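**Q** Right, I'll just put the structure down here and ask away after.
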Protein chains: 2
Amino acid sequence: MNTHDLWNRYQDFLFTDEATGVSVDISRMNFDTAWLAAMEPRMSLAYAAMTDLEAGAIANPDEHRQVGHYWLRDPSRAPDDATRRAITDTIATVRHFAADVHTGKVPPERAEKFRRVLVVGIGGSALGPQFVAHALGNSTDPMRLYFLDNTDPDGMDKVLGSLRGTEGGLAETLAVVISKSGGTKETRNGMLEARAAWEAQGLHFARHAVAVTGDGSDLYRYATENGWLGTFPMWDWVGGRTSELSAVGLLPAALQGVDVEALLAGARAMDALTRVRDTRKNPAALLALMWFYAGNGCGKRDMVVLPYKDRLELFSRYLQQLVMESLGKERDLTGAVVHQGIAVYGNKGSTDQHAYVQQLREGVLNFFVTFIQVLRDRGGPSPEVEPGVTSGDFLLGFLEGTRGALYDNGRESVTVTVPDVSARTVGMLIALYERTVGLYASLVGINAYHQPGVEAGKKAAGAVIDTQKRALGALRACKSGTAEDIAKAGGIDDVESVYKVLRHAAANPDHGVKRVSGARPGQDVFGLES
Amino acid sequence: MNTHDLWNRYQDFLFTDEATGVSVDISRMNFDTAWLAAMEPRMSLAYAAMTDLEAGAIANPDEHRQVGHYWLRDPSRAPDDATRRAITDTIATVRHFAADVHTGKVPPERAEKFRRVLVVGIGGSALGPQFVAHALGNSTDPMRLYFLDNTDPDGMDKVLGSLRGTEGGLAETLAVVISKSGGTKETRNGMLEARAAWEAQGLHFARHAVAVTGDGSDLYRYATENGWLGTFPMWDWVGGRTSELSAVGLLPAALQGVDVEALLAGARAMDALTRVRDTRKNPAALLALMWFYAGNGCGKRDMVVLPYKDRLELFSRYLQQLVMESLGKERDLTGAVVHQGIAVYGNKGSTDQHAYVQQLREGVLNFFVTFIQVLRDRGGPSPEVEPGVTSGDFLLGFLEGTRGALYDNGRESVTVTVPDVSARTVGMLIALYERTVGLYASLVGINAYHQPGVEAGKKAAGAVIDTQKRALGALRACKSGTAEDIAKAGGIDDVESVYKVLRHAAANPDHGVKRVSGARPGQDVFGLES
């Protein structure tokens with residue numbers, strides 16, 4: 001196609017909405033209108049499914065749960081008064097609590113005011129708050145957020161160490177522990193290590209901690225029994241990866257000083273745009289169709305996400321979670337084995353242009369690109385870096401240049417444009433992709449709201465911990481031996497796991513294990529430190 | 001296979017080296033020994049090519065360049081005295097300069113000492129230093145590193161703002177501007193915006209800046225003409241993505257307080273291990289073969305990189321650049337069109353387990369996993385989070401559990417184990433993967449050392465900047481009009497680009513453009529602010 005035809009195609013297929021300032025450009029995907037028309041019956045079913053979901057149908061059949069993240073920003077759509085009240089009450093409680101923390105009305109044990117926040121959470125309980133903190137954080141914020149999002153001891157030491165190094169240190173730090181089930185091991189471990197750090201300074205952790213968790217969970221009980229500063233609810237009708245606009249995301253955001261009403265309003269506005277049943281006028285419908293087109297409805301192409309804005313760098317990772325955990329499923333809703341999903345990766349442009357765009361342009365054609373463009377360059381005017389040209393002009397140049405160079409080589413892309421990076425647009429982006437994922441899941445007939453595969457890894461991890469206990473017990477009984485000796489003594493079948501836990505134990509001071517290495521793993525001899 | 005057979009396979013194929021503490025486990029890739037034997041003739045050619053490369057052959061034929069990153073840590077292997085001297089002199093200069101900065105012998109204009117560093121660079125001139133800073137940084141370091149790695153105005157404001165907010169601010173910040181060619185626009189823009197920030201505080205940028213760049217480049221001339229504090233060399237026989245152990249990486253590392261000799265020694269030790277021509281005893285050869293096996297020699301499978309260690313989180317991104325920019329090529333060495341490459345993504349475990357491992361376990365099978373394990377949990381002993389169990393035991397449990405749960409579902413993986421995260425192991429990891437990329441490139445017959453596809457994007461970006469200049473000129477002449485009017489007046493074919501640059505100009509205060517939106521882009525009317 002020549003530039004004239006491309007300009008027409010751009011105009012023909014551009015979704016644009018003046019009120020929100022959002023546009024979605026699908027002109028560089030090579031579908032034709034016949035394909036679009038042929039997809040319409042499927043889209044109708046997807047719209048219908050979405051209407052049912054929003055009205056409170058059991059849209060997560062495996063877990064027999066409602067899916068209510070759309071109600072969070074429009075409680076009037078919730079199916080009953082109790083749910084409506086729970087949502088509005090929680091928003092109010094979050095805002096009041098944050099205000100009281102900011103003014104010092106909720107003070108720490110031994111200082112006037114909390115000055116920073118340590119969020120302890122993982123996956124759906126960390127990525128949303130991290131994305132929002134990175135996108136909207138400024139040096140003038142009332143509180144800065146830190147995160148424990150793993151069970152890596154050294155990683156925790158690093159974060160807790162840098163908190164101790166701040167003015168006021170842990171004594172002025174509020175811990176927000178987030179776990180829907182309350183049973184996530186990484187989060188529990190993070191909480192316990194954090195508690196130990198506070199206690200090492202003679203501080204009561206309870207006087208510095210709040211929880212966001214399901215009613216009656218282990219974490220809920222622990223927090224209430226120990227007199228924490230408060231608990232905020234998580235509901236079973238909100239999944240972790242769609243929980244940014246529940247207390248999970250709103251509490252850290254409010255503490256950071258983000259306008260949470262604007263976040264909610266942005267999401268609400270986008271929900272209104274993406275509820276439209278006219279496909280050409282629904283940006284989420286267009287995106288879902290493009291995902292289907294790119295990957296032939298079975299994830300044949302990876303989605304490379306390239307936000308041309310430093311503040312949106314974590315949006316790629318946020319989408320990686322939202323898309324892959326929602327869509328990466330073995331079975332469809334009929335139970336047939338389908339191995340669905342879309343692999344998502346990316347960081348930011350134009351930086352990634354100097355990393356892997358070489359492969360995108362010339363290498364293996366197993367992807368399509370999503371460009372995210374932000375129209376506003378910065379708060380004020382820009383200096384010139386060449387006569388009549390600003391740094392932001394170059395950023396646009398690189399985006400358009402890359403989009404064009406890829407297209408010239410048969411690499412397709414969509415471009416989502418937002419006016420700025422603000423609480424409102426962040427809310428819009430979150431809602432846009434939540435809806436896209438929901439519609440795409442309908443198009444390919446899967447349940448986007450469960451994650452059965454996560455359980456297997458957790459179970460297997462539990463088995464390794466169990467193997468460790470038994471192997472250490474056996475080693476203590478027989479004093480020394482190879483992994484095979486210890487496995488036999490402990491009645492453990494899986495010798496490799498025994499070897500792994502003993503090798504790890506020998507590399508650390510905690511279990512008093514030592515290792516003398518042999519020619520191959522089976523000949524390593526493990527013993528006890530005297 | 002049952003656990004007994006798996007344990008035997010694990011032992012049979014494990015590469016392990018006691019001196020470095022590194023092991024590479026390929027037992028969860030389902031190749032057989034016949035396949036391994038069949039690959040041996042290709043491996044022999046790869047070893048021979050690597051020997052030639054290390055001896056100074058023109059291993060980058062398109063650019064007619066030698067490829068010398070292995071010489072950086074073992075100058076005795078460089079092909080001539082001048083090169084040897086250049087390497088050793090540069091290492092000495094870097095170390096002395098860093099020491100002089102730390103003691104205040106090289107002071108800033110108006111303070112006693114430099115206390116932090118702003119690195120300005122992108123791609124190969126940023127990712128290595130970022131990875132090393134993240135992996136080895138501590139709160140006790142003599143200097144902390146900040147980065148400008150894009151041409152995003154707001155992103156630069158954020159970094160420069162946080163530098164201004166530190167004690168001592170820009171007056172105590174040393175800028176390290178890194179650009180091999182000296183012509184990279186993002187880096188030039190970053191440097192110009194940084195200079196403006198220093199000047200806004202009445203400070204001379206030159207008294208706070210050094211350059212790392214090729215001899216005689218634009219940046220070299222600029223730095224010397226303006227009397228910067230110093231320049232450090234970049235050589236045409238070192239590619240950006242393999243430049244971490246040249247001044248590009250060593251200078252920031254030395255300033256941060258990293259033991260650069262240990263970095264170099266680690267790389268040198270790994271080079272020795274990966275020079276071995278016995279495939280079963282060469283960890284890079286084994287990895288290269290697994291890449292070939294996984295993707296059938298044509299990148300059919302993505303590589304998901306999962307370091308189970310917070311400090312190695314950026315290693316995934318470092319590898320993304322190293323692998324994709326090196327291997328993502330349209331043509332092989334014979335000129336045939338092959339569209340090679342391997343897509344790489346990942347962040348860290350066990351965090352990613354709560355993000356996308358759902359898809360890895362159950363979804364589309366288009367990947368293999370590289371686990372990176374670190375044996376040492378933390379500096380000292382760990383508290384118990386359960387009786388007899390530490391956070392680090394859980395980290396191991398999640399790694400092994402995920403590896404097992406994936407394998408049970410037919411998902412293959414390799415595991416690289418290192419003893420700790422130190423300058424030495426970081427050097428080893430960099431060298432391990434540089435060699436793996438080189439060997440794999442030989443296996444599939446491509447040039448891993450050029451990046452012809454990057455040029456197209458840059459050229460296209462230049463065309464957009466040019467379009468902007470002409471469109472703004474035309475708009476100023478005709479006062480107002482649609483994109484089509486302006487394009488016509490400016491003699492520009494590509495109306496869509498005209499629309500894009502004017503829409504962007506209207507969203508920012510710099511060019512005095514305003515926009516009145518119409519029903520579709522072609523009906524938007526652009527004008528001039530009065």
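In the structure tokens, chains take letters A, B, ... by order of appearance, with residues numbered from 1 within each chain and ligands from 1 in the order shown.
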Listing only residues of chain B within 6 Å of chain A, what is the closest atom pair and its distance in Å (to one decimal) for each, using only C-alpha atoms, sorted by chain and residue number ascending, as a tab-separated table?
**A**
residue	atom	partner	partner_atom	distance
B:Thr3	CA	A:Asp494	CA	5.5
B:Trp7	CA	A:Glu496	CA	5.2
B:Gly123	CA	A:His354	CA	4.5
B:Asn150	CA	A:Thr351	CA	5.5
B:Thr151	CA	A:Ser391	CA	5.5
B:Pro153	CA	A:Arg378	CA	5.7
B:Asp154	CA	A:Arg378	CA	4.5
B:Gly155	CA	A:Asp310	CA	5.3
B:Asp310	CA	A:Gly155	CA	5.2
B:Gln321	CA	A:Ala355	CA	4.4
B:Met324	CA	A:Tyr356	CA	5.1
B:Glu325	CA	A:Tyr356	CA	5.1
B:Gly328	CA	A:Gln359	CA	3.8
B:Lys329	CA	A:Gly363	CA	4.7
B:Glu330	CA	A:Glu362	CA	4.7
B:His339	CA	A:Gly363	CA	4.2
B:Gln340	CA	A:Gly363	CA	4.8
B:Gly341	CA	A:Gly363	CA	5.3
B:Thr351	CA	A:Asn150	CA	5.5
B:His354	CA	A:Gly123	CA	4.5
B:Ala355	CA	A:Gln321	CA	4.3
B:Tyr356	CA	A:Glu325	CA	5.1
B:Gln358	CA	A:Gly453	CA	4.9
B:Gln359	CA	A:Gly328	CA	3.8
B:Glu362	CA	A:Glu330	CA	4.7
B:Gly363	CA	A:His339	CA	4.2
B:Val364	CA	A:His339	CA	4.8
B:Leu375	CA	A:His504	CA	5.7
B:Arg376	CA	A:Ala507	CA	5.7
B:Asp377	CA	A:Pro153	CA	5.8
B:Arg378	CA	A:Asp154	CA	4.5
B:Pro381	CA	A:Pro509	CA	5.7
B:Ser391	CA	A:Thr151	CA	5.5
B:Gly392	CA	A:Pro153	CA	5.9
B:Leu395	CA	A:Thr151	CA	5.8
B:Gly397	CA	A:Ala461	CA	4.5
B:Phe398	CA	A:Ala461	CA	4.8
B:Gly401	CA	A:Ala461	CA	4.2
B:Thr402	CA	A:Gly457	CA	4.8
B:Ala405	CA	A:Gly457	CA	5.5
B:Gly453	CA	A:Gln358	CA	4.9
B:Val454	CA	A:Gln358	CA	5.3
B:Gly457	CA	A:Thr402	CA	4.8
B:Ala460	CA	A:Gly401	CA	4.3
B:Ala461	CA	A:Gly401	CA	4.2
B:Val464	CA	A:Gly397	CA	5.2
B:Ile465	CA	A:Gly397	CA	5.9
B:Asp494	CA	A:Thr3	CA	5.4
B:Glu496	CA	A:Trp7	CA	5.2
B:His504	CA	A:Leu375	CA	5.7
B:Ala507	CA	A:Arg376	CA	5.7
B:Asn508	CA	A:Arg376	CA	5.9
B:Pro509	CA	A:Pro381	CA	5.7
B:Asp510	CA	A:Pro381	CA	5.7
**Q** Excluding region 117-119 of chain B and any residue of its chain fewer than 3 positions from it, enumerate the residues within 9 Å of it, using only C-alpha atoms, and give them as a JSON list (two decimals) with N, CA and C atoms, in the first residue's frame.
**A**
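Printed below is result-v9.json as written:
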[["chain", "number", "residue", "atom", "x", "y", "z"],
["B", 114, "PHE", "N", 32.26, 14.55, 44.33],
["B", 114, "PHE", "CA", 31.11, 13.98, 43.65],
["B", 114, "PHE", "C", 30.53, 12.88, 44.53],
["B", 125, "SER", "N", 24.76, 0.94, 25.80],
["B", 125, "SER", "CA", 25.44, 1.89, 26.67],
["B", 125, "SER", "C", 24.67, 2.17, 27.96],
["B", 126, "ALA", "N", 23.63, 1.40, 28.22],
["B", 126, "ALA", "CA", 22.87, 1.60, 29.46],
["B", 126, "ALA", "C", 22.52, 0.29, 30.15],
["B", 129, "PRO", "N", 25.42, -1.36, 32.39],
["B", 129, "PRO", "CA", 25.57, -0.62, 33.65],
["B", 129, "PRO", "C", 24.34, -0.72, 34.56],
["B", 143, "MET", "N", 29.06, 5.69, 45.58],
["B", 143, "MET", "CA", 28.22, 6.52, 44.72],
["B", 143, "MET", "C", 27.04, 5.68, 44.23],
["B", 144, "ARG", "N", 25.89, 6.34, 44.09],
["B", 144, "ARG", "CA", 24.73, 5.65, 43.53],
["B", 144, "ARG", "C", 24.55, 6.10, 42.08],
["B", 145, "LEU", "N", 24.11, 5.19, 41.23],
["B", 145, "LEU", "CA", 23.93, 5.52, 39.80],
["B", 145, "LEU", "C", 22.47, 5.86, 39.47],
["B", 146, "TYR", "N", 22.31, 6.88, 38.64],
["B", 146, "TYR", "CA", 21.02, 7.24, 38.05],
["B", 146, "TYR", "C", 21.19, 7.14, 36.53],
["B", 147, "PHE", "N", 20.07, 7.02, 35.82],
["B", 147, "PHE", "CA", 20.18, 6.81, 34.36],
["B", 147, "PHE", "C", 19.21, 7.69, 33.57],
["B", 148, "LEU", "N", 19.70, 8.28, 32.49],
["B", 148, "LEU", "CA", 18.84, 8.81, 31.43],
["B", 148, "LEU", "C", 19.02, 7.86, 30.25],
["B", 149, "ASP", "N", 18.00, 7.08, 29.93],
["B", 149, "ASP", "CA", 18.17, 6.07, 28.87],
["B", 149, "ASP", "C", 17.07, 6.16, 27.82],
["B", 159, "VAL", "N", 14.01, 12.03, 36.51],
["B", 159, "VAL", "CA", 15.34, 11.64, 36.99],
["B", 159, "VAL", "C", 16.12, 12.88, 37.45],
["B", 160, "LEU", "N", 16.11, 13.92, 36.62],
["B", 160, "LEU", "CA", 16.85, 15.13, 36.98],
["B", 160, "LEU", "C", 16.25, 15.76, 38.24],
["B", 163, "LEU", "N", 17.47, 13.86, 41.20],
["B", 163, "LEU", "CA", 18.87, 14.24, 41.48],
["B", 163, "LEU", "C", 18.95, 15.61, 42.16],
["B", 172, "GLU", "N", 26.89, 17.98, 43.05],
["B", 172, "GLU", "CA", 27.72, 16.85, 43.49],
["B", 172, "GLU", "C", 27.48, 15.61, 42.63],
["B", 173, "THR", "N", 26.95, 15.82, 41.42],
["B", 173, "THR", "CA", 26.65, 14.70, 40.52],
["B", 173, "THR", "C", 27.62, 14.70, 39.34],
["B", 174, "LEU", "N", 28.18, 13.55, 39.06],
["B", 174, "LEU", "CA", 29.06, 13.37, 37.91],
["B", 174, "LEU", "C", 28.26, 12.76, 36.77],
["B", 175, "ALA", "N", 28.25, 13.40, 35.61],
["B", 175, "ALA", "CA", 27.55, 12.86, 34.44],
["B", 175, "ALA", "C", 28.52, 12.03, 33.61],
["B", 176, "VAL", "N", 28.12, 10.81, 33.29],
["B", 176, "VAL", "CA", 28.92, 9.94, 32.41],
["B", 176, "VAL", "C", 28.10, 9.73, 31.14],
["B", 177, "VAL", "N", 28.53, 10.34, 30.05],
["B", 177, "VAL", "CA", 27.78, 10.27, 28.80],
["B", 177, "VAL", "C", 28.42, 9.20, 27.93],
["B", 178, "ILE", "N", 27.62, 8.20, 27.56],
["B", 178, "ILE", "CA", 28.17, 7.03, 26.86],
["B", 178, "ILE", "C", 27.51, 6.85, 25.50],
["B", 252, "PRO", "N", 31.20, 3.16, 35.06],
["B", 252, "PRO", "CA", 30.11, 3.27, 36.04],
["B", 252, "PRO", "C", 30.29, 2.31, 37.23],
["B", 255, "LEU", "N", 32.93, 3.54, 39.62],
["B", 255, "LEU", "CA", 32.44, 4.70, 40.37],
["B", 255, "LEU", "C", 31.48, 4.26, 41.48],
["B", 256, "GLN", "N", 30.68, 3.24, 41.17],
["B", 256, "GLN", "CA", 29.73, 2.72, 42.15],
["B", 256, "GLN", "C", 30.44, 1.98, 43.28]]
**Q** Which parts of region 267-389 of chain A does DSSP call strand (DSSP E) when run on the backbone here, written out as a list in words?
**A**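 Checking each residue of region 267-389 of chain A, the strand (DSSP E) ones are Asp302, Met303, Val304, Val305, Leu306, Pro307, Val344, Tyr345, Phe367, Phe368, Val369, Thr370, Phe371, Ile372, Gln373, Val374, Glu384, Val385, Glu386 and Val389 of chain A.
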**Q** Quick check, in Å to one decimal: how far apart do CA of Phe205 (chain B) and CA of Ser217 (chain B) lie?
**A** 19.2 Å
**Q** I want to know what sits within 10 Å of region 45-58 of chain A, based on only C-alpha atoms, with residues of the same chain fewer than 3 positions away left out; could you give that as a short mmCIF file (atom, residue, chain, number, x, y, z; two decimals) with N, CA, C and O atoms, in the first residue's frame?
**A**
data_model
loop_
_atom_site.label_atom_id
_atom_site.label_comp_id
_atom_site.auth_asym_id
_atom_site.auth_seq_id
_atom_site.Cartn_x
_atom_site.Cartn_y
_atom_site.Cartn_z
N GLU A 40 -18.23 -10.87 13.31
CA GLU A 40 -19.28 -10.18 14.04
C GLU A 40 -20.19 -11.12 14.86
O GLU A 40 -20.53 -10.79 16.01
N PRO A 41 -20.57 -12.28 14.34
CA PRO A 41 -21.39 -13.18 15.16
C PRO A 41 -20.68 -13.57 16.46
O PRO A 41 -21.29 -13.59 17.54
N ARG A 42 -19.39 -13.86 16.38
CA ARG A 42 -18.63 -14.17 17.59
C ARG A 42 -18.60 -12.98 18.54
O ARG A 42 -18.66 -13.14 19.76
N PRO A 61 -16.90 -20.12 36.12
CA PRO A 61 -17.66 -21.32 36.49
C PRO A 61 -16.85 -22.31 37.33
O PRO A 61 -17.40 -22.92 38.24
N ASP A 62 -15.55 -22.45 37.03
CA ASP A 62 -14.76 -23.44 37.78
C ASP A 62 -14.74 -23.13 39.26
O ASP A 62 -14.73 -24.02 40.10
N GLU A 63 -14.63 -21.87 39.59
CA GLU A 63 -14.57 -21.50 41.00
C GLU A 63 -15.93 -21.04 41.50
O GLU A 63 -16.06 -20.57 42.62
N HIS A 64 -16.93 -21.16 40.62
CA HIS A 64 -18.30 -20.77 40.95
C HIS A 64 -18.37 -19.37 41.56
O HIS A 64 -18.94 -19.15 42.62
N ARG A 65 -17.75 -18.42 40.84
CA ARG A 65 -17.67 -17.06 41.37
C ARG A 65 -18.18 -16.05 40.37
O ARG A 65 -18.06 -16.20 39.16
N GLN A 66 -18.71 -14.96 40.93
CA GLN A 66 -19.02 -13.79 40.11
C GLN A 66 -17.70 -13.07 39.80
O GLN A 66 -16.70 -13.26 40.49
N VAL A 67 -17.73 -12.24 38.77
CA VAL A 67 -16.56 -11.47 38.37
C VAL A 67 -16.95 -10.00 38.41
O VAL A 67 -17.69 -9.52 37.55
N GLY A 68 -16.50 -9.28 39.43
CA GLY A 68 -17.08 -7.97 39.69
C GLY A 68 -16.16 -6.78 39.56
O GLY A 68 -16.50 -5.71 40.07
N HIS A 69 -15.04 -6.93 38.85
CA HIS A 69 -14.13 -5.76 38.86
C HIS A 69 -14.72 -4.52 38.19
O HIS A 69 -14.31 -3.42 38.49
N TYR A 70 -15.71 -4.71 37.31
CA TYR A 70 -16.33 -3.53 36.70
C TYR A 70 -17.21 -2.76 37.68
O TYR A 70 -17.44 -1.57 37.52
N TRP A 71 -17.70 -3.45 38.71
CA TRP A 71 -18.53 -2.77 39.71
C TRP A 71 -17.71 -1.82 40.57
O TRP A 71 -18.23 -0.85 41.12
N ARG A 77 -23.78 -0.70 39.27
CA ARG A 77 -23.93 -1.91 38.45
C ARG A 77 -23.83 -3.20 39.27
O ARG A 77 -24.06 -4.28 38.73
N ALA A 78 -23.45 -3.08 40.52
CA ALA A 78 -23.33 -4.30 41.35
C ALA A 78 -24.71 -4.93 41.51
O ALA A 78 -25.73 -4.24 41.49
N PRO A 79 -24.76 -6.24 41.67
CA PRO A 79 -26.05 -6.94 41.63
C PRO A 79 -26.90 -6.78 42.89
O PRO A 79 -28.09 -7.09 42.85
N ASP A 80 -26.35 -6.30 43.98
CA ASP A 80 -27.19 -6.16 45.18
C ASP A 80 -26.68 -5.03 46.07
O ASP A 80 -25.54 -4.58 45.93
N TRP A 237 -15.12 -11.98 44.53
CA TRP A 237 -15.53 -11.66 43.16
C TRP A 237 -14.55 -10.69 42.47
O TRP A 237 -14.84 -10.18 41.38
N THR A 274 -16.28 0.93 26.26
CA THR A 274 -16.04 -0.45 25.84
C THR A 274 -17.25 -1.35 26.06
O THR A 274 -17.17 -2.55 25.84
N ARG A 275 -18.34 -0.73 26.50
CA ARG A 275 -19.60 -1.48 26.66
C ARG A 275 -20.44 -1.41 25.36
O ARG A 275 -21.39 -2.15 25.19
N VAL A 276 -20.02 -0.49 24.49
CA VAL A 276 -20.74 -0.26 23.24
C VAL A 276 -20.72 -1.52 22.38
O VAL A 276 -19.69 -2.16 22.24
N ARG A 277 -21.88 -1.89 21.81
CA ARG A 277 -21.94 -3.13 21.05
C ARG A 277 -21.67 -2.95 19.55
O ARG A 277 -21.81 -3.89 18.78
N ASP A 278 -21.27 -1.75 19.20
CA ASP A 278 -20.89 -1.50 17.81
C ASP A 278 -19.37 -1.64 17.72
O ASP A 278 -18.62 -0.77 18.17
N THR A 279 -18.94 -2.75 17.14
CA THR A 279 -17.52 -3.13 17.19
C THR A 279 -16.59 -2.01 16.73
O THR A 279 -15.57 -1.74 17.36
N ALA A 285 -13.12 -3.90 21.84
CA ALA A 285 -13.53 -4.89 20.83
C ALA A 285 -12.52 -4.92 19.69
O ALA A 285 -12.13 -6.00 19.21
N ARG A 435 -11.17 -5.11 29.76
CA ARG A 435 -12.29 -5.43 28.87
C ARG A 435 -11.79 -6.20 27.64
O ARG A 435 -12.45 -7.13 27.17
N GLY A 438 -11.35 -9.74 28.59
CA GLY A 438 -12.64 -10.41 28.75
C GLY A 438 -13.27 -10.75 27.41
O GLY A 438 -13.78 -11.87 27.22
N LEU A 439 -13.24 -9.81 26.48
CA LEU A 439 -13.84 -10.06 25.16
C LEU A 439 -13.06 -11.12 24.40
O LEU A 439 -13.65 -12.01 23.78
N TYR A 440 -11.74 -11.03 24.45
CA TYR A 440 -10.93 -12.03 23.73
C TYR A 440 -11.19 -13.42 24.30
O TYR A 440 -11.27 -14.41 23.54
N ALA A 441 -11.30 -13.51 25.63
CA ALA A 441 -11.58 -14.82 26.24
C ALA A 441 -12.89 -15.40 25.71
O ALA A 441 -12.98 -16.60 25.43
N SER A 442 -13.89 -14.54 25.51
CA SER A 442 -15.13 -15.01 24.92
C SER A 442 -14.92 -15.47 23.48
O SER A 442 -15.44 -16.49 23.06
N LEU A 443 -14.14 -14.70 22.73
CA LEU A 443 -13.90 -15.06 21.32
C LEU A 443 -13.28 -16.45 21.20
O LEU A 443 -13.58 -17.18 20.26
N VAL A 444 -12.41 -16.81 22.15
CA VAL A 444 -11.76 -18.11 22.05
C VAL A 444 -12.37 -19.12 23.03
O VAL A 444 -11.88 -20.25 23.15
N GLY A 445 -13.41 -18.68 23.75
CA GLY A 445 -14.18 -19.64 24.55
C GLY A 445 -13.50 -20.18 25.80
O GLY A 445 -13.66 -21.35 26.15
#
**Q** When you look at region 20-34 of chain B with a cut-off of 8 Å (counting only C-alpha atoms), what residues show up, excluding the ones that are within fewer than 4 positions of it in the same chain? I need them as a list in words.
**A**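 Once the nearby chain positions are removed, what remains is Leu6, Arg9, Tyr10, Phe13, Leu14, Phe15, Thr16, Ala38, Ala269, Pro283, Leu286, Leu287, Met290, Tyr293, Ala294, Tyr407, Glu412, Ser413, Val414, Thr415, Val416, Thr417, Val418 and Pro419 of chain B.
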**Q** When you draw a straight line from CA of Arg84 (chain B) to CA of Met43 (chain B), how long is it in Å?
**A**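 For CA of Arg84 (chain B) relative to CA of Met43 (chain B), the distance reads 29.3 Å.
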**Q** Using only C-alpha atoms, can you tell me which of A:Thr436, A:Ala99, A:Val238, A:Gly182 comes closest to Tyr220 (chain A)?
**A**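 Using only C-alpha atoms, the shortest distance to Tyr220 (chain A) belongs to A:Gly182.
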**Q** Quick check, in Å to one decimal: how far apart do CA of Thr224 (chain B) and CA of Ala209 (chain B) lie?
**A**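 Atom-to-atom, CA of Thr224 (chain B) and CA of Ala209 (chain B) are spaced 10.9 Å apart.
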**Q** Running DSSP on the backbone, which parts of region 94-259 of chain B land in helix (DSSP H, G or I), as a PyMOL selection string?
**A** chain B and resi 94-103+123-125+127-136+153-164+169-172+185-200+205-208+218-225+240-242+247-256
**Q** Counting only C-alpha atoms, which residue out of B:Gly202, B:Gly481, B:Gly257, B:Gly249 sits closest to Gln130 (chain B)?
**A**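 Among the listed residues, the smallest separation from Gln130 (chain B) belongs to B:Gly249.
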**Q** At a cut-off of 6 Å, using only C-alpha atoms, what residues contact Val212 (chain B)? Leave out same-chain residues fewer than 4 positions from it and give the result as a CSV table (one decimal) with C-alpha atoms, in the first residue's frame.
**A**
chain,number,residue,atom,x,y,z
B,178,ILE,CA,28.2,7.0,26.9
B,231,THR,CA,37.1,11.0,27.9
B,232,PHE,CA,37.4,7.2,27.9
B,233,PRO,CA,37.7,5.1,24.8
**Q** Out of B:Ala284, B:Leu528, B:Ile372, B:Met1, which residue has the shortest atom-to-atom distance to Val437 (chain B) when counting only C-alpha atoms?
**A** B:Ala284
**Q** Find the residue from A:Ser76, A:Thr370, A:Thr425, A:Thr482 that sits nearest to Met270 (chain A); use only C-alpha atoms when measuring.
**A** A:Thr425
